[in-house]
>>> print(open('protein_28.cif').read())   # mmCIF, C-alpha atoms
data_target
loop_
_atom_site.label_atom_id
_atom_site.label_comp_id
_atom_site.auth_asym_id
_atom_site.auth_seq_id
_atom_site.Cartn_x
_atom_site.Cartn_y
_atom_site.Cartn_z
CA MET A 24 -123.12 -46.49 10.79
CA ASN A 25 -123.19 -43.60 8.38
CA GLU A 26 -121.69 -40.34 9.61
CA ILE A 27 -124.32 -37.77 10.57
CA LYS A 28 -124.27 -34.43 8.75
CA LEU A 29 -125.76 -31.15 9.92
CA LEU A 30 -127.81 -30.97 6.73
CA ASP A 31 -129.51 -34.34 7.42
CA HIS A 32 -133.09 -34.79 8.52
CA PHE A 33 -132.98 -35.70 12.22
CA ASP A 34 -135.43 -38.31 13.49
CA THR A 35 -135.42 -39.21 17.20
CA LYS A 36 -132.82 -41.95 16.73
CA LYS A 37 -130.48 -39.62 14.84
CA ILE A 38 -130.92 -36.87 17.45
CA LEU A 39 -129.84 -39.31 20.16
CA ARG A 40 -126.91 -40.59 18.10
CA PHE A 41 -125.69 -37.06 17.50
CA THR A 42 -126.24 -35.62 20.99
CA THR A 43 -125.20 -38.62 23.12
CA PRO A 44 -121.43 -38.06 22.59
CA VAL A 45 -121.90 -34.38 23.47
CA ILE A 46 -123.90 -35.30 26.59
CA LEU A 47 -121.20 -37.77 27.65
CA MET A 48 -118.54 -35.17 26.87
CA MET A 49 -120.28 -32.69 29.18
CA VAL A 50 -120.61 -35.35 31.89
CA PHE A 51 -116.91 -36.25 31.72
CA TYR A 52 -116.11 -32.54 31.67
CA THR A 53 -117.46 -32.35 35.23
CA THR A 54 -114.83 -34.85 36.38
CA PHE A 55 -112.34 -32.00 36.75
CA VAL A 56 -114.46 -30.69 39.62
CA LEU A 57 -115.84 -33.98 40.89
CA VAL A 58 -112.68 -36.12 40.99
CA ASP A 59 -110.59 -33.61 42.92
CA GLY A 60 -113.30 -33.44 45.56
CA LEU A 61 -113.66 -37.21 45.71
CA PHE A 62 -109.95 -37.83 46.31
CA ILE A 63 -109.52 -34.91 48.71
CA SER A 64 -112.60 -35.74 50.80
CA ASN A 65 -111.61 -39.36 51.36
CA ALA A 66 -107.82 -38.83 51.63
CA VAL A 67 -107.60 -35.52 53.49
CA GLY A 68 -110.95 -34.76 55.15
CA SER A 69 -114.08 -32.61 55.14
CA THR A 70 -112.35 -29.25 55.71
CA ALA A 71 -110.11 -29.73 52.66
CA TYR A 72 -113.16 -30.89 50.69
CA ALA A 73 -115.01 -27.72 51.68
CA ALA A 74 -111.99 -25.75 50.39
CA VAL A 75 -112.19 -27.50 47.00
CA ASN A 76 -115.86 -26.55 46.82
CA ILE A 77 -115.20 -22.90 47.69
CA VAL A 78 -112.30 -22.51 45.23
CA GLY A 79 -114.09 -24.50 42.54
CA ASN A 80 -117.06 -22.16 42.56
CA TYR A 81 -114.84 -19.18 41.83
CA VAL A 82 -112.70 -20.87 39.17
CA LEU A 83 -115.90 -22.07 37.43
CA LEU A 84 -116.90 -18.45 36.81
CA PHE A 85 -114.36 -18.10 34.02
CA PRO A 86 -115.11 -21.12 31.79
CA ALA A 87 -118.55 -19.53 31.41
CA ILE A 88 -116.88 -17.06 29.03
CA GLY A 89 -115.64 -20.00 26.95
CA THR A 90 -119.16 -21.41 26.92
CA MET A 91 -120.47 -18.04 25.73
CA MET A 92 -118.00 -17.92 22.85
CA GLY A 93 -118.51 -21.59 21.98
CA SER A 94 -122.32 -21.61 21.97
CA GLY A 95 -122.68 -18.16 20.40
CA GLY A 96 -119.97 -18.93 17.89
CA ALA A 97 -121.47 -22.33 16.98
CA ALA A 98 -124.87 -20.70 16.42
CA LEU A 99 -123.56 -17.96 14.11
CA ILE A 100 -121.00 -20.13 12.31
CA SER A 101 -123.49 -22.97 11.67
CA LYS A 102 -125.96 -20.40 10.32
CA THR A 103 -123.20 -19.07 8.05
CA LEU A 104 -122.50 -22.63 6.85
CA GLY A 105 -126.23 -23.09 6.21
CA GLU A 106 -126.06 -19.97 4.04
CA LYS A 107 -123.26 -21.69 2.05
CA GLN A 108 -120.55 -19.16 3.03
CA GLU A 109 -117.83 -21.65 4.01
CA GLU A 110 -114.84 -19.28 3.81
CA LEU A 111 -116.55 -16.66 5.97
CA ALA A 112 -117.52 -19.38 8.46
CA SER A 113 -113.86 -20.39 8.88
CA LYS A 114 -112.77 -16.79 9.40
CA ARG A 115 -115.49 -16.24 12.00
CA PHE A 116 -114.50 -19.47 13.73
CA SER A 117 -110.84 -18.35 13.88
CA MET A 118 -111.87 -14.94 15.18
CA THR A 119 -113.88 -16.58 17.95
CA VAL A 120 -111.04 -18.86 19.07
CA TRP A 121 -108.24 -16.27 19.02
CA ALA A 122 -110.42 -13.70 20.80
CA SER A 123 -111.18 -16.30 23.48
CA ILE A 124 -107.51 -17.08 24.03
CA LEU A 125 -106.63 -13.40 24.49
CA LEU A 126 -109.56 -12.96 26.85
CA GLY A 127 -108.54 -16.08 28.76
CA ILE A 128 -105.06 -14.68 29.43
CA VAL A 129 -106.57 -11.47 30.82
CA LEU A 130 -109.05 -13.38 33.00
CA THR A 131 -106.30 -15.61 34.39
CA ALA A 132 -104.51 -12.48 35.64
CA ILE A 133 -107.74 -11.15 37.16
CA ALA A 134 -108.39 -14.48 38.90
CA TYR A 135 -104.86 -14.56 40.33
CA PHE A 136 -105.18 -11.13 41.98
CA THR A 137 -108.78 -11.45 43.25
CA VAL A 138 -109.14 -15.06 44.33
CA ASP A 139 -108.09 -14.58 47.97
CA SER A 140 -110.80 -12.03 48.72
CA VAL A 141 -113.42 -14.41 47.31
CA TYR A 142 -112.53 -17.07 49.89
CA VAL A 143 -113.20 -14.61 52.69
CA LEU A 144 -116.51 -13.51 51.16
CA GLN A 145 -117.68 -17.13 51.24
CA GLY A 146 -116.90 -17.34 54.94
CA ALA A 147 -113.53 -19.13 54.88
CA GLU A 148 -111.23 -18.56 57.84
CA GLY A 149 -108.55 -20.37 59.81
CA GLU A 150 -107.64 -23.83 58.49
CA LEU A 151 -110.31 -23.63 55.80
CA LEU A 152 -108.85 -20.39 54.46
CA GLU A 153 -105.33 -21.87 54.33
CA ASP A 154 -106.64 -24.91 52.45
CA CYS A 155 -108.38 -22.61 49.97
CA ARG A 156 -105.12 -20.79 49.34
CA GLN A 157 -103.21 -24.01 48.79
CA TYR A 158 -105.70 -25.37 46.24
CA GLY A 159 -106.51 -22.04 44.60
CA GLY A 160 -102.86 -21.05 44.16
CA VAL A 161 -102.64 -23.63 41.37
CA ALA A 162 -106.27 -23.78 40.26
CA VAL A 163 -106.35 -20.16 39.02
CA PHE A 164 -103.83 -21.04 36.29
CA SER A 165 -106.36 -23.45 34.77
CA VAL A 166 -108.70 -20.58 33.81
CA LEU A 167 -107.43 -20.19 30.22
CA PHE A 168 -107.41 -23.94 29.51
CA TYR A 169 -110.79 -24.43 31.16
CA MET A 170 -112.20 -21.74 28.87
CA ILE A 171 -110.78 -23.36 25.74
CA GLN A 172 -112.06 -26.77 26.77
CA SER A 173 -115.54 -25.35 27.38
CA GLU A 174 -115.56 -23.61 24.01
CA PHE A 175 -114.48 -26.56 21.91
CA GLN A 176 -117.25 -28.77 23.30
CA TYR A 177 -119.48 -26.85 20.89
CA PHE A 178 -117.01 -26.73 18.01
CA PHE A 179 -116.48 -30.49 17.75
CA SER A 180 -120.23 -30.82 17.15
CA LEU A 181 -120.07 -27.96 14.67
CA VAL A 182 -117.67 -29.93 12.43
CA GLU A 183 -119.59 -33.20 13.00
CA LYS A 184 -116.77 -34.67 15.13
CA GLU A 185 -118.75 -34.95 18.36
CA LYS A 186 -117.38 -38.46 19.04
CA LEU A 187 -113.81 -37.19 18.87
CA GLY A 188 -114.70 -34.35 21.24
CA PHE A 189 -116.05 -36.93 23.67
CA LEU A 190 -112.92 -39.07 23.35
CA ILE A 191 -110.63 -36.12 24.08
CA THR A 192 -112.66 -35.21 27.16
CA VAL A 193 -112.48 -38.83 28.39
CA ILE A 194 -108.70 -38.92 27.93
CA ALA A 195 -108.31 -35.60 29.74
CA GLY A 196 -110.53 -36.87 32.55
CA CYS A 197 -108.48 -40.07 32.82
CA ILE A 198 -105.29 -38.00 33.01
CA ASN A 199 -106.84 -36.05 35.85
CA ILE A 200 -107.94 -39.20 37.70
CA GLY A 201 -104.60 -40.96 37.25
CA LEU A 202 -102.57 -37.97 38.36
CA ASP A 203 -104.91 -37.34 41.31
CA ALA A 204 -104.20 -40.88 42.52
CA LEU A 205 -100.44 -40.42 42.00
CA PHE A 206 -100.12 -36.92 43.45
CA ILE A 207 -102.51 -37.34 46.40
CA LEU A 208 -102.22 -41.00 47.42
CA VAL A 209 -98.56 -41.68 46.50
CA PHE A 210 -96.75 -38.33 46.61
CA LYS A 211 -99.01 -36.95 49.41
CA TRP A 212 -99.26 -33.57 47.69
CA SER A 213 -102.79 -33.11 49.03
CA LEU A 214 -104.65 -30.03 47.70
CA PHE A 215 -101.72 -28.86 45.59
CA GLY A 216 -101.59 -32.26 43.87
CA ALA A 217 -105.34 -32.24 43.14
CA ALA A 218 -105.21 -28.81 41.54
CA PHE A 219 -102.06 -29.66 39.55
CA ALA A 220 -103.63 -32.89 38.22
CA SER A 221 -106.67 -30.99 36.95
CA LEU A 222 -104.47 -28.33 35.36
CA LEU A 223 -102.46 -30.91 33.40
CA GLY A 224 -105.62 -32.64 32.16
CA MET A 225 -107.04 -29.35 30.92
CA ILE A 226 -103.77 -28.39 29.21
CA PHE A 227 -103.91 -31.64 27.24
CA SER A 228 -107.53 -31.13 26.15
CA ALA A 229 -107.06 -27.48 25.17
CA THR A 230 -103.79 -28.07 23.30
CA PHE A 231 -105.12 -31.02 21.32
CA SER A 232 -108.28 -29.14 20.34
CA ILE A 233 -106.38 -26.13 19.01
CA LEU A 234 -103.85 -28.22 17.08
CA TYR A 235 -106.57 -30.43 15.62
CA PHE A 236 -108.49 -27.50 14.16
CA MET A 237 -105.26 -25.98 12.85
CA LYS A 238 -103.84 -29.11 11.20
CA LYS A 239 -106.77 -31.36 10.26
CA LYS A 240 -107.83 -31.12 6.63
CA GLY A 241 -111.38 -31.58 5.37
CA LEU A 242 -113.16 -29.85 8.25
CA SER A 243 -116.03 -27.47 7.48
CA VAL A 244 -114.13 -24.80 9.45
CA ARG A 245 -110.43 -24.58 10.30
CA LEU A 246 -108.37 -22.46 12.65
CA GLY A 247 -106.29 -19.95 10.72
CA ARG A 248 -106.35 -16.26 9.89
CA PRO A 249 -109.38 -14.63 11.53
CA ALA A 250 -111.84 -12.14 10.17
CA VAL A 251 -112.02 -8.83 12.03
CA GLU A 252 -115.77 -8.34 12.38
CA TRP A 253 -116.66 -6.47 15.53
CA LYS A 254 -120.36 -6.70 14.77
CA ALA A 255 -120.12 -10.48 14.35
CA LEU A 256 -118.08 -10.79 17.54
CA LEU A 257 -120.72 -8.85 19.46
CA LYS A 258 -123.37 -11.09 17.88
CA ILE A 259 -121.50 -14.16 19.08
CA ALA A 260 -121.23 -12.76 22.60
CA GLY A 261 -124.91 -11.84 22.57
CA ASN A 262 -125.98 -15.23 21.24
CA GLY A 263 -123.94 -17.06 23.86
CA SER A 264 -124.76 -14.82 26.80
CA SER A 265 -127.50 -17.12 28.05
CA GLU A 266 -125.22 -20.18 28.05
CA MET A 267 -122.64 -18.05 29.85
CA LEU A 268 -125.27 -17.22 32.48
CA GLU A 269 -126.10 -20.93 32.83
CA ASN A 270 -122.51 -21.63 33.81
CA LEU A 271 -122.02 -18.44 35.78
CA SER A 272 -125.06 -19.31 37.85
CA LEU A 273 -123.56 -22.66 38.87
CA ALA A 274 -120.56 -20.80 40.23
CA LEU A 275 -122.21 -17.67 41.62
CA VAL A 276 -125.06 -19.59 43.20
CA GLY A 277 -122.56 -22.05 44.62
CA MET A 278 -120.75 -19.16 46.27
CA LEU A 279 -124.02 -17.76 47.60
CA PHE A 280 -125.02 -21.23 48.79
CA ASN A 281 -121.73 -21.53 50.67
CA HIS A 282 -122.27 -18.17 52.35
CA GLN A 283 -125.83 -19.07 53.42
CA LEU A 284 -124.78 -22.53 54.58
CA MET A 285 -122.01 -21.05 56.73
CA VAL A 286 -124.60 -18.71 58.28
CA TYR A 287 -127.27 -21.34 58.94
CA SER A 288 -125.29 -24.57 59.51
CA GLY A 289 -121.53 -23.96 59.41
CA GLU A 290 -118.57 -25.61 57.70
CA ASP A 291 -120.05 -29.13 57.70
CA ALA A 292 -122.98 -27.95 55.58
CA VAL A 293 -120.51 -26.57 53.00
CA ALA A 294 -118.93 -30.04 52.76
CA ALA A 295 -122.40 -31.62 52.41
CA TYR A 296 -123.26 -29.12 49.69
CA GLY A 297 -120.10 -30.18 47.85
CA VAL A 298 -121.77 -33.56 47.29
CA VAL A 299 -125.04 -31.96 46.19
CA GLN A 300 -123.20 -29.68 43.78
CA ALA A 301 -121.03 -32.48 42.37
CA VAL A 302 -124.06 -34.67 41.60
CA THR A 303 -125.94 -31.67 40.22
CA LEU A 304 -123.07 -30.81 37.87
CA VAL A 305 -123.08 -34.33 36.47
CA PHE A 306 -126.84 -34.55 35.87
CA MET A 307 -127.27 -30.97 34.65
CA ALA A 308 -124.60 -31.88 32.11
CA VAL A 309 -127.18 -34.19 30.51
CA PHE A 310 -129.41 -31.23 29.67
CA LEU A 311 -126.53 -28.89 28.86
CA GLY A 312 -125.00 -31.51 26.56
CA TYR A 313 -128.27 -32.14 24.74
CA SER A 314 -128.74 -28.42 24.18
CA ALA A 315 -125.11 -27.93 23.10
CA GLY A 316 -125.35 -30.84 20.67
CA LEU A 317 -128.43 -29.44 18.92
CA ILE A 318 -127.39 -25.77 18.74
CA PRO A 319 -125.33 -26.20 15.52
CA VAL A 320 -127.99 -28.52 14.03
CA ILE A 321 -130.85 -26.08 14.58
CA GLY A 322 -128.61 -23.16 13.61
CA TYR A 323 -127.70 -24.83 10.30
CA HIS A 324 -131.30 -25.55 9.31
CA PHE A 325 -132.36 -22.08 10.41
CA GLY A 326 -129.67 -20.55 8.19
CA ASP A 327 -130.77 -22.86 5.35
CA GLY A 328 -134.37 -21.64 5.72
CA ASN A 329 -135.64 -25.13 6.61
CA LYS A 330 -138.36 -24.18 9.10
CA LYS A 331 -139.95 -27.62 8.86
CA GLU A 332 -136.80 -29.24 10.28
CA VAL A 333 -136.46 -26.61 13.02
CA ASN A 334 -140.06 -27.32 13.99
CA SER A 335 -139.44 -31.06 14.01
CA LEU A 336 -136.33 -30.73 16.19
CA LEU A 337 -138.22 -28.62 18.73
CA LYS A 338 -141.14 -31.03 19.03
CA LYS A 339 -138.93 -34.10 19.34
CA SER A 340 -136.80 -32.34 21.96
CA ILE A 341 -139.81 -31.59 24.13
CA ARG A 342 -140.53 -35.33 24.35
CA LEU A 343 -136.91 -36.38 24.84
CA ILE A 344 -136.30 -33.89 27.63
CA LEU A 345 -139.33 -35.25 29.49
CA PHE A 346 -137.72 -38.70 29.43
CA PHE A 347 -134.33 -37.35 30.56
CA SER A 348 -135.96 -35.33 33.35
CA ILE A 349 -137.83 -38.26 34.89
CA PHE A 350 -134.82 -40.57 34.57
CA VAL A 351 -132.37 -38.16 36.24
CA PHE A 352 -134.85 -37.32 39.01
CA LEU A 353 -135.38 -41.01 39.89
CA VAL A 354 -131.66 -41.80 39.82
CA THR A 355 -130.91 -38.89 42.17
CA GLU A 356 -133.84 -39.59 44.48
CA PHE A 357 -133.06 -43.27 44.97
CA GLY A 358 -129.28 -42.94 44.75
CA ALA A 359 -128.89 -40.03 47.18
CA GLU A 360 -127.47 -42.09 50.04
CA LEU A 361 -125.05 -43.93 47.75
CA PHE A 362 -123.75 -40.67 46.25
CA ALA A 363 -123.28 -39.21 49.73
CA ARG A 364 -121.35 -42.26 50.91
CA ILE A 365 -118.98 -42.14 47.95
CA PHE A 366 -117.75 -38.76 49.18
CA LEU A 367 -118.40 -38.77 52.92
CA SER A 368 -118.38 -42.39 54.11
CA TYR A 369 -116.07 -41.44 57.01
CA ASP A 370 -118.72 -39.20 58.67
CA GLN A 371 -122.28 -40.54 59.07
CA GLU A 372 -123.75 -37.21 60.16
CA LEU A 373 -122.33 -35.43 57.12
CA CYS A 374 -123.48 -38.32 54.94
CA ASP A 375 -127.06 -38.01 56.21
CA MET A 376 -127.05 -34.24 55.68
CA ALA A 377 -125.83 -34.59 52.09
CA ALA A 378 -128.33 -37.36 51.28
CA ARG A 379 -131.22 -35.32 52.68
CA GLY A 380 -130.10 -32.28 50.70
CA LEU A 381 -129.87 -34.34 47.49
CA ARG A 382 -133.37 -35.75 47.90
CA ILE A 383 -134.84 -32.28 48.31
CA TYR A 384 -132.69 -30.83 45.53
CA SER A 385 -133.52 -33.62 43.05
CA SER A 386 -136.92 -32.12 42.20
CA VAL A 387 -135.06 -29.45 40.21
CA PHE A 388 -134.34 -31.98 37.46
CA LEU A 389 -138.03 -32.27 36.60
CA VAL A 390 -138.13 -28.73 35.20
CA ALA A 391 -134.57 -27.47 34.64
CA GLY A 392 -134.10 -29.32 31.34
CA TYR A 393 -136.83 -27.35 29.61
CA ASN A 394 -135.40 -24.03 30.73
CA ILE A 395 -131.90 -25.00 29.62
CA PHE A 396 -133.09 -26.21 26.23
CA GLY A 397 -135.41 -23.22 25.77
CA SER A 398 -132.46 -20.89 26.25
CA GLY A 399 -130.28 -22.95 23.90
CA PHE A 400 -133.06 -23.08 21.30
CA PHE A 401 -133.20 -19.30 21.05
CA THR A 402 -129.39 -19.20 20.90
CA SER A 403 -129.46 -21.52 17.89
CA LEU A 404 -131.94 -19.15 16.21
CA ASN A 405 -129.45 -16.32 16.83
CA ASP A 406 -131.96 -14.68 19.19
CA GLY A 407 -129.59 -13.83 22.01
CA LEU A 408 -132.02 -11.48 23.76
CA ASP A 409 -134.77 -14.02 24.45
CA SER A 410 -132.17 -16.64 25.34
CA ALA A 411 -130.64 -14.24 27.86
CA ILE A 412 -134.06 -13.35 29.34
CA ILE A 413 -134.67 -17.01 30.20
CA SER A 414 -131.22 -17.40 31.73
CA LEU A 415 -131.44 -14.16 33.69
CA ALA A 416 -134.82 -15.16 35.10
CA ARG A 417 -133.70 -18.59 36.31
CA THR A 418 -130.10 -17.90 37.28
CA VAL A 419 -130.25 -14.37 38.69
CA VAL A 420 -133.68 -12.90 39.45
CA PHE A 421 -135.62 -15.90 40.79
CA LEU A 422 -132.71 -17.93 42.13
CA ILE A 423 -130.98 -15.27 44.17
CA ALA A 424 -134.31 -14.18 45.63
CA ALA A 425 -135.14 -17.79 46.57
CA ILE A 426 -131.74 -18.42 48.19
CA LEU A 427 -132.03 -15.27 50.29
CA ILE A 428 -135.71 -15.55 51.26
CA LEU A 429 -136.53 -19.26 51.72
CA PRO A 430 -133.93 -20.00 54.46
CA VAL A 431 -135.50 -17.29 56.62
CA PHE A 432 -138.68 -19.39 56.82
CA PHE A 433 -137.44 -22.96 56.27
CA GLY A 434 -133.81 -22.90 57.41
CA LEU A 435 -131.45 -25.40 55.72
CA ASN A 436 -134.30 -27.08 53.80
CA GLY A 437 -135.13 -23.70 52.25
CA ILE A 438 -131.59 -23.49 50.84
CA TRP A 439 -131.85 -26.98 49.33
CA PHE A 440 -135.23 -26.22 47.73
CA SER A 441 -134.42 -22.75 46.40
CA THR A 442 -133.17 -23.90 42.99
CA THR A 443 -136.37 -25.86 42.33
CA VAL A 444 -138.50 -22.82 43.15
CA SER A 445 -136.44 -20.73 40.73
CA GLU A 446 -136.80 -23.27 37.92
CA LEU A 447 -140.57 -23.57 38.49
CA LEU A 448 -141.01 -19.82 38.20
CA SER A 449 -138.72 -19.68 35.16
CA ILE A 450 -140.69 -22.30 33.23
CA PHE A 451 -143.47 -19.74 32.77
CA VAL A 452 -140.95 -17.35 31.19
CA THR A 453 -139.62 -20.08 28.89
CA VAL A 454 -143.03 -21.31 27.72
CA GLY A 455 -144.27 -17.73 27.30
CA LEU A 456 -141.35 -16.74 25.06
CA VAL A 457 -141.54 -19.95 22.99
CA LEU A 458 -145.22 -19.31 22.29
CA LEU A 459 -144.70 -15.60 21.71
CA ARG A 460 -141.96 -16.10 19.07
CA ARG A 461 -143.53 -19.04 17.20
CA LYS A 462 -144.81 -16.92 14.30
CA LYS A 463 -141.56 -14.96 13.97
CA PHE A 464 -139.44 -18.10 13.54
CA GLY A 465 -142.08 -20.41 12.04
CA TYR A 466 -141.93 -23.28 14.55
CA LEU A 467 -144.77 -25.09 16.37
CA ALA A 468 -146.67 -25.14 13.10
CA ARG A 469 -148.12 -28.31 11.62
CA VAL A 470 -145.43 -30.42 9.98
#
>>> encode(input="protein_28.cif", output="structure tokens")
Amino acid sequence: MNEIKLLDHFDTKKILRFTTPVILMMVFYTTFVLVDGLFISNAVGSTAYAAVNIVGNYVLLFPAIGTMMGSGGAALISKTLGEKQEELASKRFSMTVWASILLGIVLTAIAYFTVDSVYVLQGAEGELLEDCRQYGGVAVFSVLFYMIQSEFQYFFSLVEKEKLGFLITVIAGCINIGLDALFILVFKWSLFGAAFASLLGMIFSATFSILYFMKKKGLSVRLGRPAVEWKALLKIAGNGSSEMLENLSLALVGMLFNHQLMVYSGEDAVAAYGVVQAVTLVFMAVFLGYSAGLIPVIGYHFGDGNKKEVNSLLKKSIRLILFFSIFVFLVTEFGAELFARIFLSYDQELCDMAARGLRIYSSVFLVAGYNIFGSGFFTSLNDGLDSAIISLARTVVFLIAAILILPVFFGLNGIWFSTTVSELLSIFVTVGLVLLRRKKFGYLARV
């Protein structure tokens, strides 16, 4: 098959060819959270699994910064390429990467000195608190590499090497799985081994990505001497703020979920939520990957002034996301018990709780894809404000309110259903902004 270029016209088949490796890359990316939990739950027990969930939610806060720099950077850099300013695009790319590395070092230090208090805020005590400390003591050092890995998911698509990005993520995931088996099942290193396995997998992915963009010739952008453009850097951060909020919400909401679950149902509910969150991470990655894959494509054609292609990409995406939404919903609804058993087969009561939570939670997939893509669409148009409004609505305003209010009336079921309520309310914001900005950007016109 011919290699796909950003400047190509994208029909539905080409959209799927281009975005599928990015979707799969995002799905495999979740293995760093999912696999640790899977091994720990079955080899050590539900308390240790709850600890992985609690620590994971905090550590996941920081890769959101990498996502911000990657998505915002891809949008601005692809627009710059569309404007035929290749040298400037490379300098802006280098600025984005080096700034992210410096920021990652600072955030690693912050995570190291604050992580213990976060366990307590989520309700951890006794054995659970000690397990959190054992896993988190290693996990915090993955912050920098997690950030880089998150960022380069966008940059491999930017240089039309999305298949290579997928391959690197698969290899890193396999390293994690293999070392988890060795460290946990053979060496009996328990939580320490799980965290160390993930760290080594991320180090491989981050190191390869940086060296590839430094050494590989013929790329549209290469890692070298950066530009020093504070205005552009702020633009990148603004463009990517919504994608940052998407990822922050998964972590922050997970922490809030854990707190509410401890209040209403106790430690077992936190373990059950670990299953719900793991499955959610995998299937949300479908929508996040689709959006991430198209950001540089839409950004390029927007920079090139090709409004007809931007319009076409939007309309085709609306139809494709409908298909993805129904498919993911049905898989989750009918596979809930199987997913629960994979993690919690040793405890039938926990298994039933997780399966029930998944079935209620699965309705979120019917609407979330449109909100995620709507936010990413505005990012690709370099409209960071509208992108951030959508993300703030769904991940902060509506969601936090739902998590705090619904359990008062519906107990545990209210917690499971809160994300769906937030997404339903947010869809009105997304559709409203898309319609409001159609004349400004020239989409939704007749093609």
>>> closest_residue(input="protein_28.cif", among="A:Glu269, A:Asp370, A:Glu174, A:Asp203", to="Ser69 in chain A", atoms="only C-alpha atoms")
A:Asp370
>>> resolve_selection(input="protein_28.cif", expression="the PyMOL selection byres ((chain A and resi 236-242) around 10)", output="MDAnalysis selection string")
chainID A and resid 113 117 175 178:179 181:184 231:235 243:247
>>> write_last_selection(input="protein_28.cif", atoms="C-alpha atoms", output="CSV table (one decimal), keeping the file's coordinate frame")
chain,number,residue,atom,x,y,z
A,113,SER,CA,-113.9,-20.4,8.9
A,117,SER,CA,-110.8,-18.4,13.9
A,175,PHE,CA,-114.5,-26.6,21.9
A,178,PHE,CA,-117.0,-26.7,18.0
A,179,PHE,CA,-116.5,-30.5,17.8
A,181,LEU,CA,-120.1,-28.0,14.7
A,182,VAL,CA,-117.7,-29.9,12.4
A,183,GLU,CA,-119.6,-33.2,13.0
A,184,LYS,CA,-116.8,-34.7,15.1
A,231,PHE,CA,-105.1,-31.0,21.3
A,232,SER,CA,-108.3,-29.1,20.3
A,233,ILE,CA,-106.4,-26.1,19.0
A,234,LEU,CA,-103.8,-28.2,17.1
A,235,TYR,CA,-106.6,-30.4,15.6
A,243,SER,CA,-116.0,-27.5,7.5
A,244,VAL,CA,-114.1,-24.8,9.4
A,245,ARG,CA,-110.4,-24.6,10.3
A,246,LEU,CA,-108.4,-22.5,12.6
A,247,GLY,CA,-106.3,-20.0,10.7
>>> residues_around(input="protein_28.cif", residues="range 456-465 of chain A", least_positions_apart="3", cutoff="8 Å", atoms="only C-alpha atoms", output="number ranges by chain")
A: 330, 334, 397, 409, 452-453, 468
>>> closest_residue(input="protein_28.cif", among="A:Val45, A:Leu144, A:Ile318, A:Ala134", to="Asn262 in chain A", atoms="only C-alpha atoms")
A:Ile318
>>> closest_residue(input="protein_28.cif", among="A:Phe433, A:Tyr135, A:Phe51, A:Phe85", to="Val305 in chain A", atoms="all atoms listed in the file")
A:Phe51
>>> residues_near_point(input="protein_28.cif", point="(-134.0, -14.4, 49.7)", cutoff="12 Å", atoms="only C-alpha atoms", output="PyMOL selection string")
chain A and resi 279-280+283+419-434+437-438+441-442+444-445
>>> resolve_selection(input="protein_28.cif", expression="the PyMOL selection byres ((chain A and resi 100) around 10)", output="number ranges by chain")
A: 94-99, 101-106, 108-109, 111-116, 119, 178, 181, 244, 255, 259, 319, 322-323, 326
>>> atom_distance(input="protein_28.cif", atom1="CA of Leu214 in chain A", atom2="CA of Cys197 in chain A")
18.4 Å
>>> resolve_selection(input="protein_28.cif", expression="the PyMOL selection byres ((chain A and resi 82) around 9)", output="PyMOL selection string")
chain A and resi 78-81+83-86+134+138+159+162-163+165-166+169+274
>>> atom_distance(input="protein_28.cif", atom1="CA of Leu30 in chain A", atom2="CA of Lys339 in chain A")
17.1 Å
>>> atom_distance(input="protein_28.cif", atom1="CA of Leu311 in chain A", atom2="CA of Glu266 in chain A")
8.8 Å
>>> closest_residue(input="protein_28.cif", among="A:Leu435, A:Ile341, A:Val193, A:Met170", to="Ala292 in chain A", atoms="all atoms listed in the file")
A:Leu435
>>> closest_atom_pairs(input="protein_28.cif", of="range 326-445 of chain A", to="range 58-66 of chain A", cutoff="10 Å", atoms="all atoms listed in the file", output="CSV")
residue,atom,partner,partner_atom,distance
A:Ile365,CA,A:Leu61,CA,7.6
A:Phe366,CA,A:Leu61,CA,5.6
A:Leu367,CA,A:Ser64,CA,6.9
A:Ser368,CA,A:Asn65,CA,7.9
A:Tyr369,CA,A:Asn65,CA,7.5
>>> closest_residue(input="protein_28.cif", among="A:Thr443, A:Asn329, A:Asn270, A:Gln176", to="Leu47 in chain A", atoms="only C-alpha atoms")
A:Gln176
>>> closest_residue(input="protein_28.cif", among="A:Ser340, A:Asn281, A:Asn405, A:Ser173", to="Gly93 in chain A", atoms="all atoms listed in the file")
A:Ser173
>>> residues_near_point(input="protein_28.cif", point="(-128.7, -21.2, 29.9)", cutoff="9 Å", atoms="only C-alpha atoms", output="list of chain:residue names")
A:Gly263, A:Ser264, A:Ser265, A:Glu266, A:Met267, A:Leu268, A:Glu269, A:Asn270, A:Ser272, A:Leu311, A:Asn394, A:Ile395, A:Phe396, A:Gly397, A:Ser398, A:Gly399, A:Ser410, A:Ala411, A:Ile413, A:Ser414, A:Leu415, A:Arg417, A:Thr418
>>> residues_around(input="protein_28.cif", residues="Asp139 in chain A", least_positions_apart="2", cutoff="9 Å", atoms="all atoms listed in the file", output="CSV table (one decimal) with C-alpha atoms, keeping the file's coordinate frame")
chain,number,residue,atom,x,y,z
A,135,TYR,CA,-104.9,-14.6,40.3
A,136,PHE,CA,-105.2,-11.1,42.0
A,137,THR,CA,-108.8,-11.4,43.2
A,141,VAL,CA,-113.4,-14.4,47.3
A,142,TYR,CA,-112.5,-17.1,49.9
A,143,VAL,CA,-113.2,-14.6,52.7
A,152,LEU,CA,-108.8,-20.4,54.5
A,155,CYS,CA,-108.4,-22.6,50.0
A,156,ARG,CA,-105.1,-20.8,49.3
A,159,GLY,CA,-106.5,-22.0,44.6
